[in-house]
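Below is final.cif, holding mmCIF, C-alpha atoms.
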data_run
loop_
_atom_site.label_atom_id
_atom_site.label_comp_id
_atom_site.auth_asym_id
_atom_site.auth_seq_id
_atom_site.Cartn_x
_atom_site.Cartn_y
_atom_site.Cartn_z
CA MET A 25 5.43 -5.19 -26.02
CA GLY A 26 5.29 -2.21 -23.68
CA LEU A 27 1.59 -2.88 -23.20
CA LEU A 28 2.29 -6.54 -22.42
CA ALA A 29 4.88 -5.53 -19.83
CA LEU A 30 2.41 -3.12 -18.25
CA LEU A 31 -0.29 -5.78 -18.01
CA VAL A 32 2.08 -8.34 -16.55
CA GLY A 33 3.20 -5.75 -14.02
CA VAL A 34 -0.37 -5.14 -12.94
CA GLY A 35 -0.94 -8.89 -12.61
CA LEU A 36 2.16 -9.42 -10.50
CA GLY A 37 1.31 -6.43 -8.36
CA ILE A 38 -1.82 -8.12 -7.11
CA ALA A 39 -0.38 -11.61 -6.91
CA GLU A 40 0.42 -11.54 -3.19
CA PRO A 41 -2.12 -9.46 -1.26
CA PRO A 42 -1.63 -9.33 2.51
CA VAL A 43 -3.28 -11.66 4.96
CA VAL A 44 -6.53 -10.11 6.18
CA PRO A 45 -9.22 -11.43 8.54
CA GLU A 46 -12.58 -12.27 7.03
CA VAL A 47 -15.42 -10.65 8.98
CA PRO A 48 -18.99 -11.98 9.12
CA ALA A 49 -21.43 -9.95 7.04
CA SER A 50 -23.56 -9.14 10.08
CA ASP A 51 -20.59 -7.30 11.64
CA ALA A 52 -19.16 -5.79 8.47
CA GLY A 53 -22.51 -4.42 7.35
CA GLU A 54 -22.38 -1.92 10.22
CA GLU A 55 -18.95 -0.75 9.06
CA ALA A 56 -19.74 -0.22 5.41
CA ALA A 57 -23.31 0.53 4.42
CA VAL A 58 -21.96 1.83 1.10
CA GLN A 59 -19.20 0.21 -0.89
CA VAL A 60 -17.57 1.37 -4.11
CA SER A 61 -15.39 -1.16 -5.92
CA PHE A 62 -13.17 -1.08 -8.96
CA GLY A 63 -12.14 -3.90 -11.26
CA PHE A 64 -10.51 -4.58 -14.59
CA LEU A 65 -10.57 -7.32 -17.20
CA GLY A 66 -8.00 -7.37 -19.99
CA GLN A 67 -7.14 -9.90 -22.68
CA LEU A 68 -4.14 -9.72 -25.01
CA ARG A 69 -4.19 -12.23 -27.86
CA TYR A 70 -1.85 -13.52 -30.54
CA GLU A 71 -3.63 -15.35 -33.37
CA THR A 72 -2.64 -17.18 -36.52
CA ARG A 73 -5.29 -17.99 -39.11
CA ALA A 74 -5.42 -19.95 -42.34
CA ASP A 75 -8.61 -19.94 -44.45
CA ALA A 76 -9.86 -19.44 -47.98
CA HIS A 77 -8.67 -15.83 -47.92
CA GLY A 78 -5.08 -16.73 -47.09
CA VAL A 79 -2.83 -16.85 -44.03
CA GLY A 80 -2.44 -14.14 -41.42
CA HIS A 81 -1.24 -13.56 -37.88
CA GLY A 82 -0.83 -10.78 -35.35
CA PHE A 83 -1.27 -9.41 -31.84
CA GLY A 84 -4.40 -7.67 -30.66
CA LEU A 85 -5.76 -6.16 -27.46
CA ARG A 86 -9.05 -8.02 -27.34
CA LEU A 87 -10.52 -6.62 -24.12
CA ALA A 88 -9.80 -3.66 -21.84
CA ARG A 89 -12.74 -3.25 -19.50
CA PRO A 90 -12.63 -1.18 -16.33
CA ILE A 91 -15.53 -1.89 -13.98
CA VAL A 92 -17.04 0.31 -11.28
CA GLY A 93 -19.50 -1.19 -8.79
CA LEU A 94 -21.62 0.38 -6.06
CA GLU A 95 -23.54 -1.25 -3.22
CA LEU A 96 -26.08 0.44 -0.97
CA LEU A 97 -28.30 -0.71 1.89
CA ARG A 98 -26.19 -3.75 2.68
CA GLY A 99 -26.33 -5.10 -0.85
CA ARG A 100 -30.03 -4.60 -1.50
CA VAL A 101 -29.29 -1.94 -4.13
CA THR A 102 -26.35 -2.26 -6.53
CA ALA A 103 -25.13 -0.48 -9.63
CA ARG A 104 -22.50 -1.36 -12.18
CA VAL A 105 -20.83 0.41 -15.10
CA MET A 106 -18.46 -1.25 -17.55
CA PRO A 107 -17.11 0.35 -20.75
CA GLU A 108 -14.97 -1.30 -23.43
CA LEU A 109 -11.76 0.58 -24.17
CA ALA A 110 -10.20 -1.85 -26.67
CA GLY A 111 -10.82 -0.72 -30.24
CA GLU A 112 -13.55 1.90 -30.45
CA PRO A 113 -14.52 2.95 -26.89
CA ARG A 114 -18.15 2.17 -26.06
CA LEU A 115 -20.41 1.52 -23.11
CA LEU A 116 -21.18 -2.15 -22.49
CA ASP A 117 -23.04 -2.30 -19.18
CA ALA A 118 -24.82 0.33 -17.10
CA THR A 119 -27.19 -1.38 -14.66
CA ALA A 120 -28.99 -0.88 -11.39
CA THR A 121 -30.44 -3.79 -9.44
CA VAL A 122 -32.87 -3.71 -6.51
CA ARG A 123 -33.24 -6.78 -4.33
CA VAL A 124 -36.67 -7.17 -2.75
CA HIS A 125 -36.26 -10.78 -1.65
CA ASP A 126 -34.17 -13.81 -2.57
CA ALA A 127 -37.04 -14.77 -4.85
CA LEU A 128 -37.56 -11.30 -6.35
CA ALA A 129 -35.16 -8.73 -7.75
CA ILE A 130 -35.38 -6.11 -10.49
CA GLN A 131 -32.59 -5.14 -12.86
CA LEU A 132 -32.75 -2.24 -15.28
CA GLY A 133 -30.39 -0.50 -17.63
CA GLN A 134 -28.18 -1.81 -20.44
CA PHE A 135 -26.99 -5.42 -20.06
CA ARG A 136 -26.93 -8.82 -21.77
CA PRO A 137 -30.38 -10.40 -21.91
CA TRP A 138 -30.82 -13.52 -19.81
CA LEU A 139 -30.75 -15.96 -22.69
CA SER A 140 -28.41 -18.96 -22.97
CA ARG A 141 -26.12 -20.17 -20.18
CA GLY A 142 -23.21 -19.99 -22.59
CA PHE A 143 -23.63 -16.30 -23.34
CA ARG A 144 -24.39 -15.39 -19.73
CA THR A 145 -21.11 -17.01 -18.60
CA GLY A 146 -18.33 -14.44 -18.26
CA LEU A 147 -15.42 -14.47 -20.67
CA ASN A 148 -12.97 -14.64 -17.78
CA VAL A 149 -14.25 -18.02 -16.52
CA LEU A 150 -14.06 -19.92 -19.80
CA PRO A 151 -11.58 -22.81 -20.26
CA LEU A 152 -11.10 -21.78 -23.89
CA PRO A 153 -10.48 -18.26 -25.28
CA GLY A 154 -14.04 -17.47 -26.32
CA ARG A 155 -17.57 -18.81 -26.01
CA GLY A 156 -17.37 -20.69 -29.30
CA ALA A 157 -18.84 -20.36 -32.79
CA VAL A 158 -22.26 -21.75 -31.89
CA VAL A 159 -22.92 -19.37 -28.98
CA ASP A 160 -21.56 -16.42 -30.97
CA ARG A 161 -23.90 -17.22 -33.85
CA PHE A 162 -27.06 -17.42 -31.74
CA ARG A 163 -26.35 -14.77 -29.13
CA VAL A 164 -28.81 -11.96 -28.52
CA ASP A 165 -26.65 -8.97 -27.75
CA ARG A 166 -26.89 -6.27 -25.12
CA ASP A 167 -30.00 -4.13 -25.01
CA VAL A 168 -31.72 -1.55 -22.83
CA GLY A 169 -34.61 -2.69 -20.66
CA ILE A 170 -35.71 -4.34 -17.45
CA THR A 171 -35.63 -7.90 -16.09
CA VAL A 172 -37.40 -9.36 -13.07
CA PHE A 173 -35.59 -12.37 -11.64
CA GLY A 174 -35.11 -14.50 -8.57
CA ARG A 175 -33.47 -17.57 -7.06
CA PRO A 176 -35.80 -19.14 -4.52
CA ALA A 177 -35.09 -22.42 -2.70
CA ASP A 178 -31.43 -21.53 -2.09
CA GLY A 179 -30.79 -21.20 -5.80
CA ARG A 180 -32.28 -24.53 -6.80
CA LEU A 181 -34.66 -22.59 -9.02
CA GLU A 182 -33.88 -19.56 -11.18
CA TYR A 183 -36.33 -17.51 -13.21
CA TYR A 184 -35.92 -14.42 -15.40
CA ALA A 185 -38.51 -12.41 -17.34
CA GLY A 186 -37.55 -9.30 -19.26
CA VAL A 187 -38.65 -6.72 -21.79
CA MET A 188 -36.13 -4.60 -23.71
CA ASN A 189 -36.14 -2.04 -26.49
CA GLY A 190 -35.08 -4.51 -29.16
CA GLY A 191 -32.72 -2.02 -30.79
CA GLY A 192 -29.46 -3.23 -29.24
CA ALA A 193 -26.93 -1.43 -27.06
CA GLY A 194 -27.52 2.31 -26.80
CA SER A 195 -31.11 2.12 -28.02
CA LEU A 196 -33.33 4.88 -26.63
CA ARG A 197 -36.65 3.68 -28.03
CA VAL A 198 -38.44 0.55 -29.15
CA ASP A 199 -37.13 -0.28 -32.62
CA GLY A 200 -39.67 -2.36 -34.53
CA GLY A 201 -40.97 -4.22 -31.51
CA PRO A 202 -39.87 -4.94 -27.93
CA LEU A 203 -37.57 -7.84 -27.15
CA TYR A 204 -39.31 -10.22 -24.74
CA THR A 205 -37.11 -12.72 -22.88
CA ALA A 206 -37.69 -15.58 -20.45
CA ARG A 207 -35.43 -18.12 -18.77
CA ILE A 208 -35.89 -20.82 -16.14
CA VAL A 209 -33.27 -23.08 -14.51
CA VAL A 210 -33.65 -26.05 -12.17
CA ALA A 211 -30.67 -27.23 -10.08
CA PRO A 212 -31.83 -30.08 -7.79
CA LEU A 213 -28.56 -30.44 -5.85
CA GLY A 214 -28.04 -26.73 -5.21
CA ALA A 215 -27.26 -23.49 -6.98
CA VAL A 216 -24.95 -23.83 -9.99
CA ALA A 217 -22.67 -20.93 -10.84
CA TYR A 218 -22.41 -19.42 -14.31
CA THR A 219 -18.84 -20.58 -14.77
CA GLN A 220 -17.22 -23.25 -16.90
CA GLU A 221 -14.33 -23.52 -14.42
CA PRO A 222 -16.01 -24.52 -11.14
CA TYR A 223 -12.97 -26.58 -10.13
CA VAL A 224 -10.51 -23.69 -9.94
CA ARG A 225 -10.32 -23.66 -6.13
CA GLY A 226 -10.28 -27.45 -5.88
CA PRO A 227 -12.52 -30.47 -6.51
CA THR A 228 -16.24 -29.75 -6.18
CA ASP A 229 -19.26 -31.73 -5.07
CA LEU A 230 -21.56 -33.03 -7.77
CA ARG A 231 -23.85 -30.31 -9.13
CA TRP A 232 -26.03 -30.21 -12.21
CA ALA A 233 -28.61 -27.89 -13.71
CA VAL A 234 -30.95 -27.79 -16.69
CA GLY A 235 -32.20 -24.57 -18.22
CA ALA A 236 -34.45 -23.28 -20.98
CA SER A 237 -34.65 -19.82 -22.52
CA ALA A 238 -36.86 -18.17 -25.13
CA TYR A 239 -37.25 -14.79 -26.79
CA THR A 240 -39.18 -13.01 -29.50
CA VAL A 241 -38.55 -9.65 -31.15
CA GLU A 242 -39.75 -7.81 -34.23
CA ARG A 243 -36.94 -6.02 -36.00
CA ARG A 244 -37.04 -3.48 -38.80
CA SER A 245 -34.74 -4.71 -41.56
CA GLU A 246 -34.81 -1.50 -43.52
CA LEU A 247 -36.01 2.07 -42.90
CA ASP A 248 -38.24 4.21 -45.04
CA SER A 249 -36.98 7.26 -46.92
CA MET A 250 -37.14 9.33 -43.70
CA GLY A 251 -35.05 6.76 -41.84
CA SER A 252 -37.42 6.37 -38.92
CA THR A 253 -40.65 4.53 -39.69
CA GLY A 254 -41.95 1.87 -42.03
CA GLY A 255 -39.62 -0.57 -43.71
CA THR A 256 -39.78 -4.34 -43.75
CA ARG A 257 -40.47 -5.91 -40.36
CA ASN A 258 -39.17 -9.32 -39.49
CA ARG A 259 -40.14 -11.25 -36.36
CA GLN A 260 -37.44 -13.46 -34.91
CA THR A 261 -38.22 -16.11 -32.31
CA GLY A 262 -35.64 -18.30 -30.64
CA ALA A 263 -35.13 -20.80 -27.86
CA SER A 264 -32.24 -22.57 -26.17
CA PHE A 265 -31.83 -25.53 -23.84
CA ASP A 266 -28.76 -26.14 -21.67
CA LEU A 267 -27.30 -28.74 -19.33
CA THR A 268 -24.30 -28.30 -17.07
CA VAL A 269 -22.71 -30.91 -14.80
CA SER A 270 -19.66 -30.62 -12.56
CA GLY A 271 -18.01 -32.77 -9.94
CA GLY A 272 -14.49 -33.30 -8.69
CA PRO A 273 -12.03 -31.87 -11.23
CA LEU A 274 -14.47 -32.19 -14.19
CA ALA A 275 -17.09 -29.94 -15.75
CA ALA A 276 -19.30 -30.54 -18.80
CA ASN A 277 -21.68 -28.24 -20.65
CA ALA A 278 -24.07 -28.75 -23.55
CA GLU A 279 -26.51 -26.39 -25.21
CA GLY A 280 -28.85 -26.39 -28.20
CA PHE A 281 -30.40 -23.48 -30.09
CA ILE A 282 -33.18 -22.93 -32.58
CA ARG A 283 -34.56 -19.76 -34.11
CA THR A 284 -37.11 -18.94 -36.78
CA LEU A 285 -37.54 -16.00 -39.12
CA GLU A 286 -40.76 -14.98 -40.83
CA VAL A 287 -38.85 -14.00 -43.96
CA GLY A 288 -35.43 -14.70 -45.40
CA ALA A 289 -33.45 -17.37 -47.19
CA ARG A 290 -33.06 -19.46 -44.00
CA PRO A 291 -36.40 -19.47 -42.16
CA LEU A 292 -35.13 -22.00 -39.60
CA GLU A 293 -31.67 -22.14 -38.04
CA TRP A 294 -30.30 -24.57 -35.48
CA GLY A 295 -27.10 -25.16 -33.55
CA ALA A 296 -25.69 -27.20 -30.67
CA TYR A 297 -22.39 -27.76 -28.87
CA GLY A 298 -20.87 -29.83 -26.10
CA GLN A 299 -17.82 -29.14 -23.96
CA LEU A 300 -15.71 -31.06 -21.46
CA CYS A 301 -12.99 -29.56 -19.29
CA ALA A 302 -10.80 -30.88 -16.48
CA MET A 303 -8.34 -29.53 -13.95
CA VAL A 304 -5.34 -31.83 -14.40
CA ILE A 305 -2.99 -29.98 -12.02
CA GLU A 306 -4.96 -28.49 -9.15
CA ARG A 307 -5.22 -24.70 -9.35
CA ARG A 308 -2.60 -24.63 -12.08
CA LEU A 309 -3.52 -26.36 -15.36
CA SER A 310 -6.79 -27.29 -17.05
CA LEU A 311 -7.59 -28.91 -20.40
CA ALA A 312 -10.75 -28.47 -22.48
CA VAL A 313 -12.36 -29.67 -25.70
CA ARG A 314 -15.45 -28.32 -27.45
CA SER A 315 -17.36 -29.57 -30.48
CA GLY A 316 -20.54 -28.39 -32.13
CA ALA A 317 -22.53 -27.91 -35.30
CA PHE A 318 -24.83 -25.26 -36.73
CA SER A 319 -26.77 -24.74 -39.95
CA ALA A 320 -25.02 -22.57 -42.54
CA ASN A 321 -24.55 -22.31 -46.31
CA GLY A 322 -27.01 -25.06 -47.11
CA GLY A 323 -25.27 -27.58 -44.83
CA PRO A 324 -23.88 -27.90 -41.31
CA ASN A 325 -20.74 -26.17 -40.15
CA ILE A 326 -18.75 -28.10 -37.53
CA PRO A 327 -16.43 -26.11 -35.22
CA LEU A 328 -13.85 -28.09 -33.21
CA GLU A 329 -11.70 -26.61 -30.45
CA ALA A 330 -9.15 -27.84 -27.93
CA GLY A 331 -6.89 -25.99 -25.55
CA LEU A 332 -5.36 -25.52 -22.13
CA SER A 333 -5.32 -22.86 -19.42
CA VAL A 334 -2.43 -22.09 -17.07
CA PHE A 335 -3.42 -20.18 -13.92
CA LEU A 336 -0.89 -17.67 -12.62
CA ALA A 337 -0.63 -15.02 -9.89
CA ARG A 338 -3.24 -16.72 -7.69
CA GLY A 339 -5.72 -16.77 -10.53
CA HIS A 340 -5.50 -13.08 -11.40
CA ALA A 341 -3.68 -14.08 -14.58
CA LYS A 342 -4.47 -16.88 -16.99
CA LEU A 343 -2.49 -17.97 -20.04
CA GLN A 344 -4.49 -19.90 -22.64
CA LEU A 345 -3.42 -21.83 -25.73
CA ALA A 346 -6.03 -23.20 -28.14
CA HIS A 347 -6.51 -24.48 -31.67
CA ALA A 348 -9.81 -24.22 -33.55
CA THR A 349 -10.88 -25.86 -36.81
CA ASP A 350 -14.08 -25.06 -38.70
CA ILE A 351 -15.32 -27.74 -41.11
CA ASP A 352 -17.81 -26.66 -43.74
CA VAL A 353 -19.59 -29.87 -44.72
CA HIS A 354 -21.37 -28.21 -47.64
CA ARG A 355 -17.99 -27.37 -49.18
CA ALA A 356 -16.61 -30.82 -48.34
CA GLY A 357 -13.54 -29.63 -46.56
CA VAL A 358 -11.95 -27.62 -43.77
CA SER A 359 -12.76 -23.95 -44.11
CA SER A 360 -10.33 -22.49 -41.55
CA HIS A 361 -7.69 -23.12 -38.88
CA ARG A 362 -6.90 -20.81 -35.98
CA THR A 363 -4.27 -21.02 -33.25
CA LEU A 364 -4.64 -18.65 -30.30
CA VAL A 365 -2.38 -17.63 -27.43
CA GLN A 366 -4.16 -15.39 -24.94
CA LEU A 367 -3.08 -13.67 -21.72
CA GLN A 368 -5.91 -12.64 -19.40
CA LEU A 369 -5.60 -10.37 -16.38
CA ALA A 370 -8.41 -9.56 -13.97
CA PHE A 371 -8.78 -8.08 -10.52
CA SER A 372 -11.27 -6.36 -8.27
CA THR A 373 -11.03 -4.25 -5.10
CA TYR A 374 -14.33 -5.63 -3.87
CA ALA A 375 -14.10 -6.79 -0.23
CA PRO A 376 -16.20 -9.90 0.48
CA GLY A 377 -19.10 -9.62 2.86
CA ARG A 378 -18.85 -5.87 3.50
CA THR A 379 -22.45 -4.85 2.74
CA GLN A 380 -24.36 -8.11 2.54
CA ALA A 381 -27.92 -8.36 3.77
CA PRO A 382 -28.61 -10.96 6.51
CA ALA A 383 -29.88 -13.56 4.03
CA MET A 384 -26.49 -13.50 2.34
CA SER A 385 -24.49 -14.08 5.53
CA TRP A 386 -21.90 -16.65 6.53
CA SER A 387 -22.23 -20.36 6.94
CA LYS A 388 -22.20 -21.94 10.40
CA HIS A 389 -18.42 -22.36 10.41
CA PRO A 390 -16.36 -19.77 12.33
CA PRO A 391 -14.26 -17.18 10.45
CA ARG A 392 -10.58 -17.70 9.87
CA LEU A 393 -7.67 -15.83 8.33
CA VAL A 394 -7.46 -16.32 4.60
CA LYS A 395 -4.65 -14.94 2.53
CA GLY A 396 -5.53 -12.51 -0.21
CA ARG A 397 -9.31 -12.82 -0.20
CA HIS A 398 -9.86 -9.07 -0.44
CA SER A 399 -8.82 -9.20 -4.09
CA VAL A 400 -10.98 -11.36 -6.35
CA PRO A 401 -9.05 -13.50 -8.84
CA SER A 402 -10.24 -13.81 -12.40
CA SER A 403 -10.65 -17.53 -11.94
CA VAL A 404 -13.69 -17.13 -9.71
CA ALA A 405 -15.35 -14.04 -11.17
CA HIS A 406 -18.03 -14.39 -13.81
CA GLU A 407 -19.54 -11.96 -16.71
CA SER A 408 -20.18 -9.31 -16.78
CA GLY A 409 -20.42 -10.66 -18.15
CA SER A 410 -18.30 -10.23 -22.13
CA ALA A 411 -18.95 -10.92 -19.13
CA ALA A 412 -18.04 -8.90 -18.57
CA GLU A 413 -21.67 -8.30 -17.39
CA HIS A 414 -23.40 -8.06 -14.19
CA SER A 415 -22.76 -6.81 -10.74
CA LYS A 416 -20.37 -9.33 -9.18
CA VAL A 417 -20.32 -10.09 -5.50
CA GLN A 418 -18.05 -12.57 -3.79
CA HIS A 419 -19.44 -14.11 -0.62
CA CYS A 420 -17.92 -16.01 2.25
CA SER A 421 -19.82 -19.25 2.62
CA LYS A 422 -19.37 -22.97 2.78
CA SER A 423 -17.95 -23.94 -0.59
CA GLN A 424 -18.99 -26.94 -2.63
CA SER A 425 -15.86 -28.67 -1.41
CA GLY A 426 -16.96 -28.10 2.20
CA THR A 427 -14.36 -25.53 3.27
CA LEU A 428 -14.89 -21.98 4.43
CA GLU A 429 -13.56 -19.61 1.81
CA PRO A 430 -14.89 -17.11 -0.70
CA SER A 431 -16.97 -19.20 -3.06
CA VAL A 432 -19.13 -18.76 -6.10
CA HIS A 433 -22.51 -18.02 -4.57
CA TRP A 434 -25.63 -16.24 -5.68
CA ASN A 435 -26.61 -12.72 -4.70
CA PRO A 436 -30.02 -11.34 -5.74
CA SER A 437 -28.38 -7.98 -6.40
CA SER A 438 -26.28 -9.50 -9.16
CA GLN A 439 -27.37 -10.91 -12.46
CA SER A 440 -26.26 -14.46 -11.88
CA VAL A 441 -24.50 -16.93 -9.70
CA ASP A 442 -21.29 -15.03 -9.64
CA SER A 443 -18.67 -13.69 -7.37
CA THR A 444 -17.45 -10.14 -7.84
CA HIS A 445 -18.09 -6.67 -9.03
CA GLY A 446 -15.01 -7.10 -11.05
CA ALA A 447 -14.17 -9.12 -13.97
CA ALA A 448 -17.00 -10.84 -15.70
CA CYS A 449 -18.01 -9.68 -19.12
#

Take the structure from the file and write it as structure tokens.
Amino acid sequence: MGLLALLVGVGLGIAEPPVVPEVPASDAGEEAAVQVSFGFLGQLRYETRADAHGVGHGFGLRLARPIVGLELLRGRVTARVMPELAGEPRLLDATATVRVHDALAIQLGQFRPWLSRGFRTGLNVLPLPGRGAVVDRFRVDRDVGITVFGRPADGRLEYYAGVMNGGGAGSLRVDGGPLYTARIVVAPLGAVAYTQEPYVRGPTDLRWAVGASAYTVERRSELDSMGSTGGTRNRQTGASFDLTVSGGPLAANAEGFIRTLEVGARPLEWGAYGQLCAMVIERRLSLAVRSGAFSANGGPNIPLEAGLSVFLARGHAKLQLAHATDIDVHRAGVSSHRTLVQLQLAFSTYAPGRTQAPAMSWSKHPPRLVKGRHSVPSSVAHESGSAAEHSKVQHCSKSQSGTLEPSVHWNPSSQSVDSTHGAAC
């Protein structure tokens, strides 16, 4: 409980930052050509579980991720490092991104491949405690490589093309065969952020986007006697399709997956899910439900989830309660029940608009004093990616609701439509 008290103390310490003036990027850029920022994302969870193996419960520190961000040349060059300190310490993200133009940027290092909207959405901007069983099953995890991407037409189009080692996080060479990735997104009404909580700052205008992703990789399933060459090679190819719609206090997401294997007991696997969430008390309480299905054990597995999120400390803290049921149709019964209570804390020292290039400047509305905007709440930061996963930048622009305030907006130096250096994983 000492750890819980410490986390709560940190959250309350950033709950009431002082009132500071927001300065247009064109002015601030002269003040700070270089900016170093620090952030943190933590999740403490209590879980009860009942399944075929029995009943269990307990507390666990799920995430403890400090984040260090660097911006140079008014945001045209950024870098980001994020380790995981919960459990066995390890490096999650280490990236550098160079912005050439709004339509062209290059990211290299270790990061989550640009595949699936669900996996690219940060853990800190999910209405339920986790991305869900379907996304977890079909995710392609972090790897080392390079991705070329862009968001032309004011973010109405996104494209990503990457090549990675194929050996996972920490890989220093191509293992079996490179991982090739591609993703394209079309958002006719304007850029759509990688968040499942777009309504956190208030009702939003109608936005929708459709996306498609694909990858292929050849993996070595076993090594030869020397442990380095030979072995059985298995090519895996996968694709996903996603739709996201938000408007007012509502947001909906749906995604489908398919992947094929050249060898193995299950040469074809599929999965899909849908999710609906709503802010029922503005900036305070949201509800969400998620349902899906995926192929497993000779028949479909159906995960069902429902829960709520309570936003505290101006969004730097979020308390979530959820219940999940997994139904194994092949076994003609419920395979497991889980009840989760999760406390999330997130913050960042990133100051909006300090090093932005001219293309990322303010809207036409004049600046005004806004309370606490120098500290980015977890409710508007996205993933890094776990989340926690790309360089996050919060911009001052005209929000979807039409008011001038820090809003979820795209920056070519980051990996997605996101808002801070801080808390996405």

Which residues fall under the PyMOL selection byres ((chain A and resi 130) around 10) in this file, as an MDAnalysis selection string? chainID A and resid 101 120:124 128:129 131:132 170:174 184:186 436:439

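Here the question is which of A:Leu65, A:Ala177, A:Ala346, A:Leu94 gets nearest to Leu109 in chain A using only C-alpha atoms, and that residue is A:Leu65.
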
As a ChimeraX atom specification, please: the residues near Val60 in chain A (cut-off 10 Å, only C-alpha atoms, same-chain neighbours under 5 positions excluded). /A:92-96,102-104,373-375,445

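Here the PyMOL selection byres ((chain A and resi 143) around 10) catches exactly these residues: Arg136, Pro137, Trp138, Leu139, Ser140, Arg141, Gly142, Arg144, Thr145, Gly146, Leu147, Arg155, Gly156, Val159, Asp160, Phe162, Arg163, Val164, Asp165, Tyr218, Glu407, Gly409, Ser410, Ala411 and Cys449 of chain A.
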
Suppose you want the space between CA of Pro273 in chain A and CA of Gln368 in chain A; what is it in Å? 21.8 Å

Separating CA of Phe64 in chain A from CA of Glu108 in chain A, to the nearest tenth of an Å, is a gap of 10.4 Å

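The smallest atom-to-atom distance between Ala127 in chain A and any of A:Gly323, A:Pro227, A:Gly339, A:Pro176, using all atoms listed in the file, is found for A:Pro176.
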
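Remark: for Arg314 in chain A, the closest of the candidate residues A:Leu285, A:Ala157, A:Ala206, A:Asn189 is A:Ala157 (distances computed over only C-alpha atoms).
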
Taking the file as shown, what set of residues would the PyMOL selection byres ((chain A and resi 208) around 8) give back, as number ranges by chain? A: 181-184, 206-207, 209-210, 235-237

The residues within 6 Å of (-23.6, -29.4, -4.4), using all atoms listed in the file and the coordinates of the file, should be reported as a ChimeraX atom specification; which are they? /A:213-214,229-231,424

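The gap separating CA of Trp294 in chain A from CA of Arg166 in chain A is 21.3 Å, in Å to one decimal.
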
Adding 5 Å on each side of the box along x, y and z that holds all listed atoms of range 359-368 of chain A, could you give its centre and edge lengths in Å to one decimal, as JSON?
{"center_x": -7.6, "center_y": -18.3, "center_z": -31.8, "size_x": 20.4, "size_y": 21.3, "size_z": 34.7}

Excluding Glu293 in chain A and residues on its chain fewer than 6 positions from it, collect all residues at most 12 Å away from it, counting all atoms listed in the file, and give them as a ChimeraX atom specification. /A:158,161-162,260-264,280-286,317-325

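Here the question is which of A:Ala341, A:Val234, A:Leu116, A:Ala276 gets nearest to Gly192 in chain A using only C-alpha atoms, and that residue is A:Leu116.
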
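Using all atoms listed in the file, the protein and nucleic acid residues lying no more than 8 Å from range 70-76 of chain A, apart from those fewer than 4 places from it along its own chain, are Gly80, His81, Gly82, Phe83, Gly84, Ser359, Ser360, His361, Arg362, Thr363, Leu364, Val365 and Gln366 of chain A.
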